Structures are given as structure tokens and as C-alpha cells.
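File shown: entry-v2.json (JSON, N, CA and C atoms).
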[["chain", "number", "residue", "atom", "x", "y", "z"],
["A", 5, "MET", "N", 0.84, -1.18, 0.00],
["A", 5, "MET", "CA", 0.00, 0.00, 0.00],
["A", 5, "MET", "C", 0.88, 1.25, 0.00],
["A", 6, "ASN", "N", 0.52, 2.20, -0.81],
["A", 6, "ASN", "CA", 1.25, 3.47, -0.85],
["A", 6, "ASN", "C", 0.86, 4.33, 0.33],
["A", 7, "ASN", "N", 1.81, 5.13, 0.76],
["A", 7, "ASN", "CA", 1.51, 6.07, 1.84],
["A", 7, "ASN", "C", 0.54, 7.12, 1.34],
["A", 8, "LEU", "N", -0.39, 7.50, 2.19],
["A", 8, "LEU", "CA", -1.30, 8.59, 1.85],
["A", 8, "LEU", "C", -0.55, 9.91, 2.01],
["A", 9, "THR", "N", -0.97, 10.90, 1.28],
["A", 9, "THR", "CA", -0.39, 12.24, 1.41],
["A", 9, "THR", "C", -0.91, 12.87, 2.69],
["A", 10, "VAL", "N", -0.03, 13.49, 3.45],
["A", 10, "VAL", "CA", -0.41, 14.15, 4.70],
["A", 10, "VAL", "C", -0.54, 15.65, 4.44],
["A", 11, "ILE", "N", -1.69, 16.19, 4.78],
["A", 11, "ILE", "CA", -1.96, 17.62, 4.67],
["A", 11, "ILE", "C", -2.18, 18.16, 6.08],
["A", 12, "THR", "N", -1.37, 19.10, 6.49],
["A", 12, "THR", "CA", -1.52, 19.74, 7.80],
["A", 12, "THR", "C", -2.31, 21.03, 7.61],
["A", 13, "THR", "N", -3.46, 21.11, 8.24],
["A", 13, "THR", "CA", -4.29, 22.32, 8.11],
["A", 13, "THR", "C", -3.63, 23.50, 8.83],
["A", 14, "GLU", "N", -4.09, 24.67, 8.48],
["A", 14, "GLU", "CA", -3.57, 25.89, 9.12],
["A", 14, "GLU", "C", -3.80, 25.85, 10.63],
["A", 15, "GLN", "N", -4.97, 25.38, 11.06],
["A", 15, "GLN", "CA", -5.26, 25.30, 12.49],
["A", 15, "GLN", "C", -4.32, 24.33, 13.20],
["A", 16, "ALA", "N", -4.06, 23.18, 12.56],
["A", 16, "ALA", "CA", -3.14, 22.21, 13.15],
["A", 16, "ALA", "C", -1.74, 22.79, 13.25],
["A", 17, "GLN", "N", -1.31, 23.52, 12.22],
["A", 17, "GLN", "CA", 0.02, 24.12, 12.25],
["A", 17, "GLN", "C", 0.11, 25.17, 13.36],
["A", 18, "THR", "N", -0.97, 25.91, 13.56],
["A", 18, "THR", "CA", -1.02, 26.88, 14.67],
["A", 18, "THR", "C", -0.91, 26.15, 16.00],
["A", 19, "ASP", "N", -1.62, 25.03, 16.14],
["A", 19, "ASP", "CA", -1.53, 24.21, 17.36],
["A", 19, "ASP", "C", -0.09, 23.76, 17.60],
["A", 20, "ILE", "N", 0.54, 23.22, 16.55],
["A", 20, "ILE", "CA", 1.91, 22.70, 16.66],
["A", 20, "ILE", "C", 2.87, 23.82, 17.04],
["A", 21, "ASN", "N", 2.75, 24.96, 16.39],
["A", 21, "ASN", "CA", 3.64, 26.08, 16.69],
["A", 21, "ASN", "C", 3.49, 26.52, 18.15],
["A", 22, "GLY", "N", 2.26, 26.54, 18.65],
["A", 22, "GLY", "CA", 2.02, 26.92, 20.04],
["A", 22, "GLY", "C", 2.61, 25.93, 21.02],
["A", 23, "ILE", "N", 2.45, 24.65, 20.72],
["A", 23, "ILE", "CA", 3.00, 23.61, 21.61],
["A", 23, "ILE", "C", 4.52, 23.68, 21.62],
["A", 24, "VAL", "N", 5.12, 23.79, 20.44],
["A", 24, "VAL", "CA", 6.58, 23.86, 20.36],
["A", 24, "VAL", "C", 7.09, 25.10, 21.10],
["A", 25, "ALA", "N", 6.44, 26.23, 20.93],
["A", 25, "ALA", "CA", 6.85, 27.45, 21.63],
["A", 25, "ALA", "C", 6.74, 27.28, 23.14],
["A", 26, "TYR", "N", 5.68, 26.62, 23.59],
["A", 26, "TYR", "CA", 5.50, 26.39, 25.03],
["A", 26, "TYR", "C", 6.61, 25.49, 25.58],
["A", 27, "ILE", "N", 6.88, 24.39, 24.89],
["A", 27, "ILE", "CA", 7.93, 23.46, 25.34],
["A", 27, "ILE", "C", 9.29, 24.17, 25.31],
["A", 28, "GLU", "N", 9.49, 24.98, 24.29],
["A", 28, "GLU", "CA", 10.77, 25.66, 24.10],
["A", 28, "GLU", "C", 11.12, 26.59, 25.26],
["A", 29, "THR", "N", 10.12, 27.12, 25.96],
["A", 29, "THR", "CA", 10.40, 28.02, 27.09],
["A", 29, "THR", "C", 11.18, 27.31, 28.19],
["A", 30, "ASP", "N", 11.00, 25.98, 28.28],
["A", 30, "ASP", "CA", 11.73, 25.21, 29.28],
["A", 30, "ASP", "C", 12.92, 24.45, 28.72],
["A", 31, "ASN", "N", 12.77, 23.97, 27.47],
["A", 31, "ASN", "CA", 13.79, 23.07, 26.95],
["A", 31, "ASN", "C", 13.75, 23.06, 25.41],
["A", 32, "LYS", "N", 14.69, 23.74, 24.81],
["A", 32, "LYS", "CA", 14.72, 23.84, 23.34],
["A", 32, "LYS", "C", 14.91, 22.47, 22.69],
["A", 33, "GLN", "N", 15.74, 21.64, 23.28],
["A", 33, "GLN", "CA", 15.97, 20.31, 22.71],
["A", 33, "GLN", "C", 14.69, 19.48, 22.75],
["A", 34, "ALA", "N", 13.95, 19.56, 23.83],
["A", 34, "ALA", "CA", 12.68, 18.82, 23.94],
["A", 34, "ALA", "C", 11.68, 19.31, 22.89],
["A", 35, "ALA", "N", 11.66, 20.61, 22.65],
["A", 35, "ALA", "CA", 10.77, 21.17, 21.63],
["A", 35, "ALA", "C", 11.13, 20.62, 20.25],
["A", 36, "TYR", "N", 12.41, 20.58, 19.97],
["A", 36, "TYR", "CA", 12.89, 20.03, 18.69],
["A", 36, "TYR", "C", 12.50, 18.56, 18.57],
["A", 37, "GLU", "N", 12.70, 17.79, 19.63],
["A", 37, "GLU", "CA", 12.36, 16.37, 19.61],
["A", 37, "GLU", "C", 10.86, 16.16, 19.42],
["A", 38, "PHE", "N", 10.05, 17.01, 20.05],
["A", 38, "PHE", "CA", 8.60, 16.91, 19.89],
["A", 38, "PHE", "C", 8.22, 17.11, 18.42],
["A", 39, "ALA", "N", 8.75, 18.16, 17.80],
["A", 39, "ALA", "CA", 8.43, 18.45, 16.40],
["A", 39, "ALA", "C", 8.90, 17.31, 15.49],
["A", 40, "LYS", "N", 10.08, 16.78, 15.77],
["A", 40, "LYS", "CA", 10.62, 15.67, 14.98],
["A", 40, "LYS", "C", 9.75, 14.42, 15.14],
["A", 41, "THR", "N", 9.31, 14.16, 16.35],
["A", 41, "THR", "CA", 8.45, 13.01, 16.61],
["A", 41, "THR", "C", 7.11, 13.15, 15.91],
["A", 42, "LEU", "N", 6.55, 14.36, 15.92],
["A", 42, "LEU", "CA", 5.28, 14.58, 15.22],
["A", 42, "LEU", "C", 5.41, 14.23, 13.74],
["A", 43, "LYS", "N", 6.50, 14.65, 13.11],
["A", 43, "LYS", "CA", 6.70, 14.34, 11.69],
["A", 43, "LYS", "C", 6.73, 12.83, 11.47],
["A", 44, "LYS", "N", 7.40, 12.11, 12.36],
["A", 44, "LYS", "CA", 7.46, 10.65, 12.25],
["A", 44, "LYS", "C", 6.07, 10.04, 12.41],
["A", 45, "ILE", "N", 5.29, 10.57, 13.34],
["A", 45, "ILE", "CA", 3.95, 10.05, 13.57],
["A", 45, "ILE", "C", 3.06, 10.33, 12.36],
["A", 46, "PHE", "N", 3.21, 11.49, 11.74],
["A", 46, "PHE", "CA", 2.42, 11.79, 10.55],
["A", 46, "PHE", "C", 2.74, 10.79, 9.44],
["A", 47, "ILE", "N", 4.00, 10.43, 9.30],
["A", 47, "ILE", "CA", 4.40, 9.42, 8.30],
["A", 47, "ILE", "C", 3.78, 8.07, 8.66],
["A", 48, "TYR", "N", 3.83, 7.72, 9.93],
["A", 48, "TYR", "CA", 3.24, 6.47, 10.41],
["A", 48, "TYR", "C", 1.75, 6.43, 10.09],
["A", 49, "LEU", "N", 1.05, 7.53, 10.38],
["A", 49, "LEU", "CA", -0.38, 7.59, 10.10],
["A", 49, "LEU", "C", -0.66, 7.51, 8.59],
["A", 50, "SER", "N", 0.25, 8.01, 7.78],
["A", 50, "SER", "CA", 0.06, 7.91, 6.33],
["A", 50, "SER", "C", 0.15, 6.46, 5.87],
["A", 51, "GLN", "N", 0.87, 5.64, 6.63],
["A", 51, "GLN", "CA", 1.00, 4.22, 6.31],
["A", 51, "GLN", "C", -0.14, 3.39, 6.92],
["A", 52, "TYR", "N", -0.61, 3.82, 8.08],
["A", 52, "TYR", "CA", -1.64, 3.10, 8.82],
["A", 52, "TYR", "C", -2.74, 4.08, 9.25],
["A", 53, "PRO", "N", -3.54, 4.55, 8.30],
["A", 53, "PRO", "CA", -4.48, 5.62, 8.58],
["A", 53, "PRO", "C", -5.62, 5.27, 9.56],
["A", 54, "LYS", "N", -5.82, 3.99, 9.80],
["A", 54, "LYS", "CA", -6.93, 3.59, 10.69],
["A", 54, "LYS", "C", -6.47, 3.38, 12.13],
["A", 55, "MET", "N", -5.30, 3.85, 12.47],
["A", 55, "MET", "CA", -4.76, 3.66, 13.82],
["A", 55, "MET", "C", -5.49, 4.50, 14.87],
["A", 56, "GLY", "N", -6.07, 5.59, 14.46],
["A", 56, "GLY", "CA", -6.78, 6.44, 15.41],
["A", 56, "GLY", "C", -8.11, 5.84, 15.79],
["A", 57, "LYS", "N", -8.76, 6.49, 16.75],
["A", 57, "LYS", "CA", -10.08, 6.01, 17.14],
["A", 57, "LYS", "C", -11.06, 7.17, 17.21],
["A", 58, "LYS", "N", -12.30, 6.85, 17.01],
["A", 58, "LYS", "CA", -13.36, 7.86, 17.13],
["A", 58, "LYS", "C", -13.53, 8.22, 18.59],
["A", 59, "ARG", "N", -13.94, 9.43, 18.84],
["A", 59, "ARG", "CA", -14.19, 9.89, 20.21],
["A", 59, "ARG", "C", -15.56, 10.57, 20.25],
["A", 60, "PRO", "N", -16.64, 9.78, 20.24],
["A", 60, "PRO", "CA", -17.98, 10.35, 20.19],
["A", 60, "PRO", "C", -18.31, 11.22, 21.40],
["A", 61, "GLU", "N", -17.57, 11.07, 22.47],
["A", 61, "GLU", "CA", -17.80, 11.93, 23.64],
["A", 61, "GLU", "C", -17.36, 13.37, 23.38],
["A", 62, "TYR", "N", -16.56, 13.57, 22.31],
["A", 62, "TYR", "CA", -16.08, 14.91, 21.96],
["A", 62, "TYR", "C", -16.72, 15.47, 20.70],
["A", 63, "THR", "N", -16.96, 14.60, 19.70],
["A", 63, "THR", "CA", -17.48, 15.10, 18.43],
["A", 63, "THR", "C", -18.19, 14.00, 17.65],
["A", 64, "ASP", "N", -19.19, 14.41, 16.88],
["A", 64, "ASP", "CA", -19.89, 13.50, 15.97],
["A", 64, "ASP", "C", -19.22, 13.50, 14.60],
["A", 65, "GLU", "N", -18.29, 14.42, 14.39],
["A", 65, "GLU", "CA", -17.63, 14.54, 13.09],
["A", 65, "GLU", "C", -16.84, 13.27, 12.78],
["A", 66, "ASP", "N", -16.63, 13.03, 11.51],
["A", 66, "ASP", "CA", -15.93, 11.84, 11.05],
["A", 66, "ASP", "C", -14.42, 12.07, 11.15],
["A", 67, "VAL", "N", -13.92, 12.12, 12.37],
["A", 67, "VAL", "CA", -12.50, 12.34, 12.62],
["A", 67, "VAL", "C", -11.98, 11.24, 13.54],
["A", 68, "LEU", "N", -10.68, 11.05, 13.51],
["A", 68, "LEU", "CA", -10.02, 10.08, 14.37],
["A", 68, "LEU", "C", -9.04, 10.80, 15.28],
["A", 69, "PHE", "N", -8.83, 10.23, 16.45],
["A", 69, "PHE", "CA", -7.90, 10.76, 17.44],
["A", 69, "PHE", "C", -6.78, 9.75, 17.61],
["A", 70, "PHE", "N", -5.55, 10.21, 17.52],
["A", 70, "PHE", "CA", -4.39, 9.36, 17.76],
["A", 70, "PHE", "C", -3.61, 10.00, 18.90],
["A", 71, "THR", "N", -3.60, 9.33, 20.05],
["A", 71, "THR", "CA", -2.95, 9.89, 21.24],
["A", 71, "THR", "C", -1.48, 9.53, 21.24],
["A", 72, "ILE", "N", -0.66, 10.53, 21.53],
["A", 72, "ILE", "CA", 0.78, 10.31, 21.61],
["A", 72, "ILE", "C", 1.25, 10.64, 23.02],
["A", 73, "LYS", "N", 2.46, 10.22, 23.33],
["A", 73, "LYS", "CA", 2.99, 10.52, 24.65],
["A", 73, "LYS", "C", 3.05, 12.02, 24.87],
["A", 74, "TRP", "N", 3.29, 12.43, 26.04],
["A", 74, "TRP", "CA", 3.31, 13.83, 26.47],
["A", 74, "TRP", "C", 1.90, 14.39, 26.61],
["A", 75, "GLY", "N", 0.86, 13.56, 26.45],
["A", 75, "GLY", "CA", -0.50, 14.01, 26.65],
["A", 75, "GLY", "C", -1.09, 14.83, 25.52],
["A", 76, "TYR", "N", -0.75, 14.50, 24.29],
["A", 76, "TYR", "CA", -1.30, 15.19, 23.13],
["A", 76, "TYR", "C", -2.02, 14.20, 22.24],
["A", 77, "SER", "N", -3.01, 14.72, 21.51],
["A", 77, "SER", "CA", -3.73, 13.91, 20.53],
["A", 77, "SER", "C", -3.69, 14.61, 19.18],
["A", 78, "ILE", "N", -3.49, 13.80, 18.16],
["A", 78, "ILE", "CA", -3.58, 14.28, 16.78],
["A", 78, "ILE", "C", -4.99, 13.96, 16.31],
["A", 79, "VAL", "N", -5.68, 14.98, 15.82],
["A", 79, "VAL", "CA", -7.04, 14.80, 15.31],
["A", 79, "VAL", "C", -6.94, 14.88, 13.79],
["A", 80, "TYR", "N", -7.43, 13.85, 13.11],
["A", 80, "TYR", "CA", -7.28, 13.82, 11.66],
["A", 80, "TYR", "C", -8.47, 13.13, 11.00],
["A", 81, "CYS", "N", -8.56, 13.31, 9.71],
["A", 81, "CYS", "CA", -9.55, 12.58, 8.92],
["A", 81, "CYS", "C", -8.87, 12.09, 7.65],
["A", 82, "VAL", "N", -9.47, 11.08, 7.06],
["A", 82, "VAL", "CA", -8.94, 10.50, 5.82],
["A", 82, "VAL", "C", -9.98, 10.74, 4.73],
["A", 83, "ALA", "N", -9.53, 11.34, 3.63],
["A", 83, "ALA", "CA", -10.42, 11.60, 2.49],
["A", 83, "ALA", "C", -9.58, 11.71, 1.23],
["A", 84, "ASP", "N", -10.10, 11.15, 0.15],
["A", 84, "ASP", "CA", -9.45, 11.28, -1.16],
["A", 84, "ASP", "C", -7.98, 10.87, -1.14],
["A", 85, "ASP", "N", -7.67, 9.75, -0.50],
["A", 85, "ASP", "CA", -6.29, 9.25, -0.41],
["A", 85, "ASP", "C", -5.34, 10.25, 0.25],
["A", 86, "LYS", "N", -5.87, 11.05, 1.15],
["A", 86, "LYS", "CA", -5.06, 12.00, 1.91],
["A", 86, "LYS", "C", -5.45, 11.92, 3.38],
["A", 87, "ILE", "N", -4.49, 12.25, 4.22],
["A", 87, "ILE", "CA", -4.77, 12.41, 5.64],
["A", 87, "ILE", "C", -4.69, 13.89, 5.94],
["A", 88, "TYR", "N", -5.75, 14.40, 6.50],
["A", 88, "TYR", "CA", -5.80, 15.82, 6.89],
["A", 88, "TYR", "C", -5.61, 15.90, 8.39],
["A", 89, "ILE", "N", -4.49, 16.49, 8.80],
["A", 89, "ILE", "CA", -4.25, 16.73, 10.22],
["A", 89, "ILE", "C", -5.04, 17.99, 10.56],
["A", 90, "LEU", "N", -6.06, 17.82, 11.39],
["A", 90, "LEU", "CA", -6.96, 18.93, 11.69],
["A", 90, "LEU", "C", -6.54, 19.71, 12.93],
["A", 91, "ARG", "N", -6.10, 18.99, 13.95],
["A", 91, "ARG", "CA", -5.68, 19.64, 15.20],
["A", 91, "ARG", "C", -4.62, 18.78, 15.87],
["A", 92, "VAL", "N", -3.83, 19.41, 16.72],
["A", 92, "VAL", "CA", -2.94, 18.71, 17.64],
["A", 92, "VAL", "C", -3.25, 19.35, 18.99],
["A", 93, "LEU", "N", -3.83, 18.54, 19.89],
["A", 93, "LEU", "CA", -4.41, 19.08, 21.12],
["A", 93, "LEU", "C", -3.78, 18.48, 22.36],
["A", 94, "SER", "N", -3.73, 19.28, 23.40],
["A", 94, "SER", "CA", -3.27, 18.84, 24.70],
["A", 94, "SER", "C", -4.43, 18.19, 25.45],
["A", 95, "GLU", "N", -4.10, 17.21, 26.27],
["A", 95, "GLU", "CA", -5.14, 16.57, 27.08],
["A", 95, "GLU", "C", -5.78, 17.55, 28.08],
["A", 96, "TYR", "N", -5.15, 18.69, 28.29],
["A", 96, "TYR", "CA", -5.68, 19.67, 29.22],
["A", 96, "TYR", "C", -6.73, 20.58, 28.58],
["A", 97, "GLN", "N", -6.88, 20.50, 27.26],
["A", 97, "GLN", "CA", -7.89, 21.30, 26.59],
["A", 97, "GLN", "C", -9.23, 20.58, 26.65],
["A", 98, "ASP", "N", -10.31, 21.35, 26.64],
["A", 98, "ASP", "CA", -11.64, 20.78, 26.61],
["A", 98, "ASP", "C", -12.00, 20.51, 25.15],
["A", 99, "TYR", "N", -11.82, 19.26, 24.73],
["A", 99, "TYR", "CA", -12.03, 18.90, 23.33],
["A", 99, "TYR", "C", -13.45, 19.18, 22.87],
["A", 100, "SER", "N", -14.42, 19.05, 23.77],
["A", 100, "SER", "CA", -15.81, 19.23, 23.37],
["A", 100, "SER", "C", -16.10, 20.65, 22.90],
["A", 101, "LEU", "N", -15.28, 21.61, 23.30],
["A", 101, "LEU", "CA", -15.49, 23.00, 22.89],
["A", 101, "LEU", "C", -14.81, 23.30, 21.55],
["A", 102, "LEU", "N", -14.01, 22.38, 21.05],
["A", 102, "LEU", "CA", -13.21, 22.63, 19.86],
["A", 102, "LEU", "C", -13.87, 22.17, 18.57],
["A", 103, "PHE", "N", -14.99, 21.46, 18.67],
["A", 103, "PHE", "CA", -15.63, 20.92, 17.47],
["A", 103, "PHE", "C", -17.08, 21.37, 17.41]]
Taking this structure as input, can you express it in the form of C-alpha cells?
Amino acid sequence: MNNLTVITTEQAQTDINGIVAYIETDNKQAAYEFAKTLKKIFIYLSQYPKMGKKRPEYTDEDVLFFTIKWGYSIVYCVADDKIYILRVLSEYQDYSLLF
């Protein structure tokens, strides 16, 4: 199976930039590692797009949540042989208010 193309939405990029900036205030190396890990996970999801799970307690939308260490979730959907990264959220955010 070919890898799906990964598209990061503007909102997701804003989320990522905010998280990296927050981590960077304490540890620049950790911020770099977080960003590098996210890229690897996006590639992984392009190979295995069904790894995420639905979270009906947060949204009825046709999106999947893939939880990663550090307490973050990648919210994405699959359409037209592409994976759209919609959000990257902290477990401390109220997900129900975001959709």
C-alpha cells in the first residue's frame, strides 16, 4: 500500500507552533524532539491511517484521534487518499469545545 499524502491544516500548524513554543520556554531540545516526533507520527499515520479512534464523547464529526505521549492527541480525517491533520491538542484542553 502506498503512503497517503499528509496535509496539515492551518489550524493544526497553529496548534503545533504553540505547543513547540510552550515546550521551548523550558527546553529547546525537547521542543525540537517533539516536532521531529510529530513528523514521524504523521508518516506512520500515512501508512496506517486507521490507527486512530473515534471519540464520540467529543465530536460527531468523522475524525479520528491518535494519542501520543506527552499528553497530546492528533485529530485527523482521511479523504481522497489523503490524511488531513486537523488539530494537535493537549489533554488539558476541553475537546468538546473545539468541534
Q. From the set A:Ala83, A:Ile72, A:Ile27, A:Ala34, which residue has the shortest atom-to-atom contact distance to Val10 in chain A, counting only C-alpha atoms?
A. A:Ala83
Q. What residues have an atom no more than 6 Å from (2.0, 14.0, 6.1) in the file's own frame, counting all atoms listed in the file, and can you write them as a ChimeraX atom specification?
A. /A:9-11,46-47
Q | Which of chain A fall in helix (DSSP H, G or I), as a PyMOL selection string | A | chain A and resi 14-28+32-51+53-55+99-101
Q | Exercise: Gly75 in chain A partners within 6 Å, only N, CA and C atoms, chain neighbours under 4 positions left out, as a ChimeraX atom specification | A | /A:93-95
Output file for the residues above (N, CA and C atoms, as a PDB file, keeping the file's coordinate frame):
ATOM      1  N   LEU A  93      -3.830  18.540  19.890  1.00  0.00           N
ATOM      2  CA  LEU A  93      -4.410  19.080  21.120  1.00  0.00           C
ATOM      3  C   LEU A  93      -3.780  18.480  22.360  1.00  0.00           C
ATOM      4  N   SER A  94      -3.730  19.280  23.400  1.00  0.00           N
ATOM      5  CA  SER A  94      -3.270  18.840  24.700  1.00  0.00           C
ATOM      6  C   SER A  94      -4.430  18.190  25.450  1.00  0.00           C
ATOM      7  N   GLU A  95      -4.100  17.210  26.270  1.00  0.00           N
ATOM      8  CA  GLU A  95      -5.140  16.570  27.080  1.00  0.00           C
ATOM      9  C   GLU A  95      -5.780  17.550  28.080  1.00  0.00           C
TER      10      GLU A  95
END
If you take only N, CA and C atoms and a cut-off of 7 Å, which residues of range 6-48 of chain A touch range 52-63 of chain A, and what are their nearest atom pairs and distances in Å to one decimal, in chain and number order, as a tab-separated table?
residue	atom	partner	partner_atom	distance
A:Asn7	CA	A:Tyr52	N	7.0
A:Leu8	N	A:Tyr52	N	6.9
A:Ile47	C	A:Tyr52	N	6.1
A:Tyr48	C	A:Tyr52	N	4.1
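Here atom N of Gln15 in chain A stands at a distance of 21.7 Å from CA of Lys73 in chain A.
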Q) Do you know which residues are at most 8 Å from Val24 in chain A counting only N, CA and C atoms, after dropping those on the same chain fewer than 3 positions away, and could you put them as an MDAnalysis selection string? A) chainID A and resid 18:21 27:29 34:36 38:39
Q. Tell me, which residues of chain A carry DSSP strand (DSSP E), written as number ranges by chain?
A. A: 9-12, 68-72, 76-83, 86-94
Residue selection dump (N, CA and C atoms) as a PDB file, keeping the file's coordinate frame:
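Ended up saving to part_2.pdb:
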ATOM      1  N   THR A   9      -0.970  10.900   1.280  1.00  0.00           N
ATOM      2  CA  THR A   9      -0.390  12.240   1.410  1.00  0.00           C
ATOM      3  C   THR A   9      -0.910  12.870   2.690  1.00  0.00           C
ATOM      4  N   VAL A  10      -0.030  13.490   3.450  1.00  0.00           N
ATOM      5  CA  VAL A  10      -0.410  14.150   4.700  1.00  0.00           C
ATOM      6  C   VAL A  10      -0.540  15.650   4.440  1.00  0.00           C
ATOM      7  N   ILE A  11      -1.690  16.190   4.780  1.00  0.00           N
ATOM      8  CA  ILE A  11      -1.960  17.620   4.670  1.00  0.00           C
ATOM      9  C   ILE A  11      -2.180  18.160   6.080  1.00  0.00           C
ATOM     10  N   THR A  12      -1.370  19.100   6.490  1.00  0.00           N
ATOM     11  CA  THR A  12      -1.520  19.740   7.800  1.00  0.00           C
ATOM     12  C   THR A  12      -2.310  21.030   7.610  1.00  0.00           C
ATOM     13  N   LEU A  68     -10.680  11.050  13.510  1.00  0.00           N
ATOM     14  CA  LEU A  68     -10.020  10.080  14.370  1.00  0.00           C
ATOM     15  C   LEU A  68      -9.040  10.800  15.280  1.00  0.00           C
ATOM     16  N   PHE A  69      -8.830  10.230  16.450  1.00  0.00           N
ATOM     17  CA  PHE A  69      -7.900  10.760  17.440  1.00  0.00           C
ATOM     18  C   PHE A  69      -6.780   9.750  17.610  1.00  0.00           C
ATOM     19  N   PHE A  70      -5.550  10.210  17.520  1.00  0.00           N
ATOM     20  CA  PHE A  70      -4.390   9.360  17.760  1.00  0.00           C
ATOM     21  C   PHE A  70      -3.610  10.000  18.900  1.00  0.00           C
ATOM     22  N   THR A  71      -3.600   9.330  20.050  1.00  0.00           N
ATOM     23  CA  THR A  71      -2.950   9.890  21.240  1.00  0.00           C
ATOM     24  C   THR A  71      -1.480   9.530  21.240  1.00  0.00           C
ATOM     25  N   ILE A  72      -0.660  10.530  21.530  1.00  0.00           N
ATOM     26  CA  ILE A  72       0.780  10.310  21.610  1.00  0.00           C
ATOM     27  C   ILE A  72       1.250  10.640  23.020  1.00  0.00           C
ATOM     28  N   TYR A  76      -0.750  14.500  24.290  1.00  0.00           N
ATOM     29  CA  TYR A  76      -1.300  15.190  23.130  1.00  0.00           C
ATOM     30  C   TYR A  76      -2.020  14.200  22.240  1.00  0.00           C
ATOM     31  N   SER A  77      -3.010  14.720  21.510  1.00  0.00           N
ATOM     32  CA  SER A  77      -3.730  13.910  20.530  1.00  0.00           C
ATOM     33  C   SER A  77      -3.690  14.610  19.180  1.00  0.00           C
ATOM     34  N   ILE A  78      -3.490  13.800  18.160  1.00  0.00           N
ATOM     35  CA  ILE A  78      -3.580  14.280  16.780  1.00  0.00           C
ATOM     36  C   ILE A  78      -4.990  13.960  16.310  1.00  0.00           C
ATOM     37  N   VAL A  79      -5.680  14.980  15.820  1.00  0.00           N
ATOM     38  CA  VAL A  79      -7.040  14.800  15.310  1.00  0.00           C
ATOM     39  C   VAL A  79      -6.940  14.880  13.790  1.00  0.00           C
ATOM     40  N   TYR A  80      -7.430  13.850  13.110  1.00  0.00           N
ATOM     41  CA  TYR A  80      -7.280  13.820  11.660  1.00  0.00           C
ATOM     42  C   TYR A  80      -8.470  13.130  11.000  1.00  0.00           C
ATOM     43  N   CYS A  81      -8.560  13.310   9.710  1.00  0.00           N
ATOM     44  CA  CYS A  81      -9.550  12.580   8.920  1.00  0.00           C
ATOM     45  C   CYS A  81      -8.870  12.090   7.650  1.00  0.00           C
ATOM     46  N   VAL A  82      -9.470  11.080   7.060  1.00  0.00           N
ATOM     47  CA  VAL A  82      -8.940  10.500   5.820  1.00  0.00           C
ATOM     48  C   VAL A  82      -9.980  10.740   4.730  1.00  0.00           C
ATOM     49  N   ALA A  83      -9.530  11.340   3.630  1.00  0.00           N
ATOM     50  CA  ALA A  83     -10.420  11.600   2.490  1.00  0.00           C
ATOM     51  C   ALA A  83      -9.580  11.710   1.230  1.00  0.00           C
ATOM     52  N   LYS A  86      -5.870  11.050   1.150  1.00  0.00           N
ATOM     53  CA  LYS A  86      -5.060  12.000   1.910  1.00  0.00           C
ATOM     54  C   LYS A  86      -5.450  11.920   3.380  1.00  0.00           C
ATOM     55  N   ILE A  87      -4.490  12.250   4.220  1.00  0.00           N
ATOM     56  CA  ILE A  87      -4.770  12.410   5.640  1.00  0.00           C
ATOM     57  C   ILE A  87      -4.690  13.890   5.940  1.00  0.00           C
ATOM     58  N   TYR A  88      -5.750  14.400   6.500  1.00  0.00           N
ATOM     59  CA  TYR A  88      -5.800  15.820   6.890  1.00  0.00           C
ATOM     60  C   TYR A  88      -5.610  15.900   8.390  1.00  0.00           C
ATOM     61  N   ILE A  89      -4.490  16.490   8.800  1.00  0.00           N
ATOM     62  CA  ILE A  89      -4.250  16.730  10.220  1.00  0.00           C
ATOM     63  C   ILE A  89      -5.040  17.990  10.560  1.00  0.00           C
ATOM     64  N   LEU A  90      -6.060  17.820  11.390  1.00  0.00           N
ATOM     65  CA  LEU A  90      -6.960  18.930  11.690  1.00  0.00           C
ATOM     66  C   LEU A  90      -6.540  19.710  12.930  1.00  0.00           C
ATOM     67  N   ARG A  91      -6.100  18.990  13.950  1.00  0.00           N
ATOM     68  CA  ARG A  91      -5.680  19.640  15.200  1.00  0.00           C
ATOM     69  C   ARG A  91      -4.620  18.780  15.870  1.00  0.00           C
ATOM     70  N   VAL A  92      -3.830  19.410  16.720  1.00  0.00           N
ATOM     71  CA  VAL A  92      -2.940  18.710  17.640  1.00  0.00           C
ATOM     72  C   VAL A  92      -3.250  19.350  18.990  1.00  0.00           C
ATOM     73  N   LEU A  93      -3.830  18.540  19.890  1.00  0.00           N
ATOM     74  CA  LEU A  93      -4.410  19.080  21.120  1.00  0.00           C
ATOM     75  C   LEU A  93      -3.780  18.480  22.360  1.00  0.00           C
ATOM     76  N   SER A  94      -3.730  19.280  23.400  1.00  0.00           N
ATOM     77  CA  SER A  94      -3.270  18.840  24.700  1.00  0.00           C
ATOM     78  C   SER A  94      -4.430  18.190  25.450  1.00  0.00           C
TER      79      SER A  94
END
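Relative to CA of Glu14 in chain A, CA of Thr71 in chain A is found at 20.1 Å.
Nearest residue to Gln17 in chain A among A:Ser77, A:Asp98, A:Leu49, A:Ile89 is A:Ile89, counting all atoms listed in the file.
For the pair CA of Glu65 in chain A and CA of Ile23 in chain A, the interatomic distance is 24.1 Å.
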Q) Which residue out of A:Asp66, A:Gly22, A:Arg91, A:Thr12 has the minimum interatomic distance to Ile78 in chain A when all atoms listed in the file are used? A) A:Arg91
Using 3 Å of padding on each side, determine the axis-aligned box around all atoms of range 18-31 of chain A present in the file and give its centre and edge lengths in Å to one decimal, as AutoDock Vina command-line options.
--center_x 6.1 --center_y 25.4 --center_z 21.4 --size_x 21.4 --size_y 11.3 --size_z 21.7
